[in-house]
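Enquirer: The structure follows.
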Amino acid sequence: MSRVNRAPLSLSRLARYAKGKEGKIAVLVGSVTDDERLLEVPKITLCALKVTQSARARIIKAGGEIITFDQLALRAPLGQNTILLRGPKNSREAVRHFGAAGVPGSSAKPFVRSKGRKFERARGRRASR
């Protein structure tokens with residue numbers, strides 16, 4: 001699977017999505033990262049491609065467990081009692097450049113060599129020039 005489709009998911013967002021779904025296995029094709037802003041980590045069973053060391057330690061300390069996709073296939077062959085999650089795909093920097101930059105009404109970010117006075121801020125952009 002391409003890297004674009006394996007967006008990382010933070011521990012706080014994982015906890016938010018798993019709220020009220022205790023006893024189910026959270027499945028994520030991607031990596032789970034730690035979020036220090038989350039004070040209490042819920043007890044959760046997680047299946048992910050990669051879990052960072054700090055996130056892994058916090059999940060295990062809370063009484064949760066982390067399993068591999070091989071173990072998931074044995075435990076839930078048809079995917080019963082699982083929640084399929086995905087990280088925010090469109091939060092990449094590259095997505096900001098999609099579209100036509102400079103067109104009225106467009107918020108696409110142009111590819112600019114530099115952020116100086118002469119670069120996309122000269123004639124036609126300022127009222128004084």
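All residue names refer to the structure tokens as shown: chains lettered A, B, ... in order, residues numbered from 1 in each chain, ligands numbered from 1 in order.
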Mind checking DSSP for region 5-102 of chain A and telling me the strand (DSSP E) residues as a PyMOL selection string?
Expert: chain A and resi 9-10+25-33+45-51+65-67+82-85
Enquirer: Assign secondary structure with DSSP using the backbone only, and return the residues of chain A in alpha helix (DSSP H) as a ChimeraX atom specification.
Expert: /A:11-18,53-61,69-75
Enquirer: Can you build me a table of region 23-98 of chain A residues sitting at most 6 Å from region 6-12 of chain A, with the closest atom pair per residue and its distance in Å to one decimal, using only C-alpha atoms, sorted by chain and residue number, as JSON lines?
Expert:
{"residue": "A:Val29", "atom": "CA", "partner": "A:Arg6", "partner_atom": "CA", "distance": 6.0}
{"residue": "A:Gly30", "atom": "CA", "partner": "A:Arg6", "partner_atom": "CA", "distance": 4.4}
{"residue": "A:Ser31", "atom": "CA", "partner": "A:Pro8", "partner_atom": "CA", "distance": 4.8}
{"residue": "A:Val32", "atom": "CA", "partner": "A:Leu9", "partner_atom": "CA", "distance": 5.0}
{"residue": "A:Thr33", "atom": "CA", "partner": "A:Ser10", "partner_atom": "CA", "distance": 4.8}
{"residue": "A:Asp34", "atom": "CA", "partner": "A:Leu11", "partner_atom": "CA", "distance": 5.3}
{"residue": "A:Asp35", "atom": "CA", "partner": "A:Leu11", "partner_atom": "CA", "distance": 5.5}
{"residue": "A:Leu38", "atom": "CA", "partner": "A:Ser12", "partner_atom": "CA", "distance": 5.6}
{"residue": "A:Gly87", "atom": "CA", "partner": "A:Leu9", "partner_atom": "CA", "distance": 4.7}
{"residue": "A:Lys89", "atom": "CA", "partner": "A:Ala7", "partner_atom": "CA", "distance": 5.7}
Enquirer: Could you save those same residues with N, CA, C and O atoms as a CSV table (one decimal), in the first residue's frame?
Expert:
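Produced file out_29.csv, reproduced below:
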chain,number,residue,atom,x,y,z
A,29,VAL,N,-4.3,0.4,9.2
A,29,VAL,CA,-3.2,0.1,8.2
A,29,VAL,C,-2.4,1.4,8.1
A,29,VAL,O,-2.6,2.3,7.3
A,30,GLY,N,-1.4,1.5,9.1
A,30,GLY,CA,-0.6,2.6,9.2
A,30,GLY,C,0.1,2.6,10.5
A,30,GLY,O,0.1,1.6,11.2
A,31,SER,N,0.6,3.7,11.0
A,31,SER,CA,1.3,3.8,12.2
A,31,SER,C,0.5,4.6,13.3
A,31,SER,O,-0.2,5.5,12.9
A,32,VAL,N,0.7,4.2,14.5
A,32,VAL,CA,0.1,4.9,15.6
A,32,VAL,C,1.2,5.7,16.4
A,32,VAL,O,2.2,5.1,16.7
A,33,THR,N,1.0,7.0,16.6
A,33,THR,CA,2.0,7.8,17.2
A,33,THR,C,1.5,8.2,18.6
A,33,THR,O,0.2,8.3,18.8
A,34,ASP,N,2.4,8.6,19.5
A,34,ASP,CA,2.0,9.0,20.8
A,34,ASP,C,1.5,10.5,20.8
A,34,ASP,O,2.0,11.2,20.0
A,35,ASP,N,0.6,10.8,21.7
A,35,ASP,CA,0.2,12.2,21.8
A,35,ASP,C,0.2,12.5,23.3
A,35,ASP,O,-0.5,12.0,24.1
A,38,LEU,N,-2.9,13.7,25.5
A,38,LEU,CA,-3.8,12.8,26.0
A,38,LEU,C,-3.3,12.3,27.4
A,38,LEU,O,-2.3,11.7,27.5
A,87,GLY,N,-5.9,7.2,9.1
A,87,GLY,CA,-5.4,8.5,9.5
A,87,GLY,C,-5.9,9.6,8.6
A,87,GLY,O,-6.4,9.3,7.5
A,89,LYS,N,-5.8,11.6,5.7
A,89,LYS,CA,-5.0,11.5,4.4
A,89,LYS,C,-4.7,12.9,3.9
A,89,LYS,O,-3.6,13.1,3.3
Enquirer: Given the choices A:Leu49, A:Ser54, A:Asn81, A:Gly64, which gets closest to Glu36 (chain A) if the distance is worked out from only C-alpha atoms?
Expert: A:Ser54
Enquirer: Show me, as a list in words, the residues that have an atom within 9 Å of region 65-80 of chain A when counting only C-alpha atoms, minus same-chain residues fewer than 4 positions from it.
Expert: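 After dropping sequence-adjacent residues, the list is Lys24, Ile25, Val27, Lys43, Ile44, Thr45, Leu46, Cys47, Ala48, Leu49, Val51, Arg56, Ile59 and Ile60 of chain A.
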Enquirer: With C-alpha atoms retained, write the just-selected residues as a short mmCIF file (atom, residue, chain, number, x, y, z; two decimals), in the first residue's frame.
Expert:
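Okay, this is what ended up in part.cif:
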data_model
loop_
_atom_site.label_atom_id
_atom_site.label_comp_id
_atom_site.auth_asym_id
_atom_site.auth_seq_id
_atom_site.Cartn_x
_atom_site.Cartn_y
_atom_site.Cartn_z
CA LYS A 24 -13.71 -4.25 19.74
CA ILE A 25 -10.35 -4.40 17.98
CA VAL A 27 -7.53 -1.92 13.06
CA LYS A 43 -7.80 0.05 27.53
CA ILE A 44 -7.81 -0.88 23.85
CA THR A 45 -6.91 -3.78 21.60
CA LEU A 46 -5.02 -2.43 18.62
CA CYS A 47 -3.87 -3.96 15.35
CA ALA A 48 -1.57 -1.68 13.35
CA LEU A 49 1.38 -1.91 10.98
CA VAL A 51 3.26 1.59 16.82
CA ARG A 56 3.15 1.12 22.69
CA ILE A 59 -1.25 1.33 25.61
CA ILE A 60 0.27 -1.67 27.42
#
Enquirer: Just want the 12 Å neighbourhood of Glu120 (chain A), counted on only C-alpha atoms, with same-chain residues fewer than 3 positions away dropped. Output as a PyMOL selection string.
Expert: chain A and resi 101-102+109-117+123-126
Enquirer: Limited to N, CA, C and O atoms, could you put the picked residues into a file as an mmCIF file, in the first residue's frame?
Expert:
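The file below, result-v3.cif, is the result:
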data_model
loop_
_atom_site.group_PDB
_atom_site.id
_atom_site.type_symbol
_atom_site.label_atom_id
_atom_site.label_comp_id
_atom_site.auth_asym_id
_atom_site.auth_seq_id
_atom_site.Cartn_x
_atom_site.Cartn_y
_atom_site.Cartn_z
ATOM 1 N N ALA A 101 -3.178 27.606 -8.477
ATOM 2 C CA ALA A 101 -2.802 28.744 -7.650
ATOM 3 C C ALA A 101 -2.899 30.027 -8.473
ATOM 4 O O ALA A 101 -2.546 30.055 -9.646
ATOM 5 N N GLY A 102 -3.390 31.084 -7.868
ATOM 6 C CA GLY A 102 -3.489 32.365 -8.552
ATOM 7 C C GLY A 102 -4.830 32.615 -9.190
ATOM 8 O O GLY A 102 -5.130 33.734 -9.585
ATOM 9 N N LYS A 109 -1.884 26.637 -2.681
ATOM 10 C CA LYS A 109 -0.607 27.262 -2.347
ATOM 11 C C LYS A 109 0.349 27.137 -3.536
ATOM 12 O O LYS A 109 0.566 26.029 -4.024
ATOM 13 N N PRO A 110 0.898 28.244 -4.023
ATOM 14 C CA PRO A 110 1.790 28.140 -5.177
ATOM 15 C C PRO A 110 3.162 27.610 -4.787
ATOM 16 O O PRO A 110 3.602 27.766 -3.651
ATOM 17 N N PHE A 111 3.820 26.969 -5.747
ATOM 18 C CA PHE A 111 5.198 26.547 -5.540
ATOM 19 C C PHE A 111 6.081 27.766 -5.804
ATOM 20 O O PHE A 111 6.237 28.194 -6.941
ATOM 21 N N VAL A 112 6.636 28.334 -4.761
ATOM 22 C CA VAL A 112 7.413 29.564 -4.875
ATOM 23 C C VAL A 112 8.852 29.255 -4.500
ATOM 24 O O VAL A 112 9.119 28.532 -3.540
ATOM 25 N N ARG A 113 9.779 29.829 -5.281
ATOM 26 C CA ARG A 113 11.200 29.597 -5.053
ATOM 27 C C ARG A 113 11.636 30.154 -3.707
ATOM 28 O O ARG A 113 12.431 29.561 -2.992
ATOM 29 N N SER A 114 11.094 31.323 -3.362
ATOM 30 C CA SER A 114 11.491 31.992 -2.133
ATOM 31 C C SER A 114 10.315 32.831 -1.650
ATOM 32 O O SER A 114 9.352 33.038 -2.385
ATOM 33 N N LYS A 115 10.380 33.333 -0.412
ATOM 34 C CA LYS A 115 9.273 34.132 0.111
ATOM 35 C C LYS A 115 9.604 35.628 0.126
ATOM 36 O O LYS A 115 9.040 36.387 0.896
ATOM 37 N N GLY A 116 10.538 36.034 -0.729
ATOM 38 C CA GLY A 116 10.991 37.417 -0.727
ATOM 39 C C GLY A 116 10.049 38.378 -1.424
ATOM 40 O O GLY A 116 8.991 38.017 -1.923
ATOM 41 N N ARG A 117 10.482 39.634 -1.506
ATOM 42 C CA ARG A 117 9.698 40.726 -2.085
ATOM 43 C C ARG A 117 9.418 40.514 -3.563
ATOM 44 O O ARG A 117 8.342 40.846 -4.055
ATOM 45 N N ARG A 123 4.379 42.994 -9.531
ATOM 46 C CA ARG A 123 3.331 43.586 -10.359
ATOM 47 C C ARG A 123 2.111 42.695 -10.470
ATOM 48 O O ARG A 123 2.219 41.494 -10.673
ATOM 49 N N GLY A 124 0.949 43.301 -10.330
ATOM 50 C CA GLY A 124 -0.292 42.564 -10.414
ATOM 51 C C GLY A 124 -0.771 42.018 -9.092
ATOM 52 O O GLY A 124 -1.917 41.651 -8.937
ATOM 53 N N ARG A 125 0.114 42.013 -8.113
ATOM 54 C CA ARG A 125 -0.247 41.522 -6.794
ATOM 55 C C ARG A 125 -0.448 42.667 -5.804
ATOM 56 O O ARG A 125 -1.212 42.526 -4.855
ATOM 57 N N ARG A 126 0.272 43.770 -6.016
ATOM 58 C CA ARG A 126 0.160 44.903 -5.109
ATOM 59 C C ARG A 126 -0.501 46.050 -5.846
ATOM 60 O O ARG A 126 -0.303 46.255 -7.042
#
Enquirer: Identify which of the residues A:Ala57, A:Arg96, A:Gly23, A:Pro104 lies closest to Ile83 (chain A), counting only C-alpha atoms when measuring atom-to-atom distances.
Expert: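 Checking each of A:Ala57, A:Arg96, A:Gly23, A:Pro104 against Ile83 (chain A), counting only C-alpha atoms, the winner is A:Gly23.
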Enquirer: Can you work out the spacing between CA of Glu93 (chain A) and CA of Val4 (chain A) in Å, to one decimal?
Expert: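 Answer for the CA of Glu93 (chain A) to CA of Val4 (chain A) separation: 11.5 Å.
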Enquirer: In Å, rounded to a single decimal, give me how far CA of Ser128 (chain A) is from CA of Val103 (chain A).
Expert: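 Taking CA of Val103 (chain A) as the start and CA of Ser128 (chain A) as the end point, the length is 20.6 Å.
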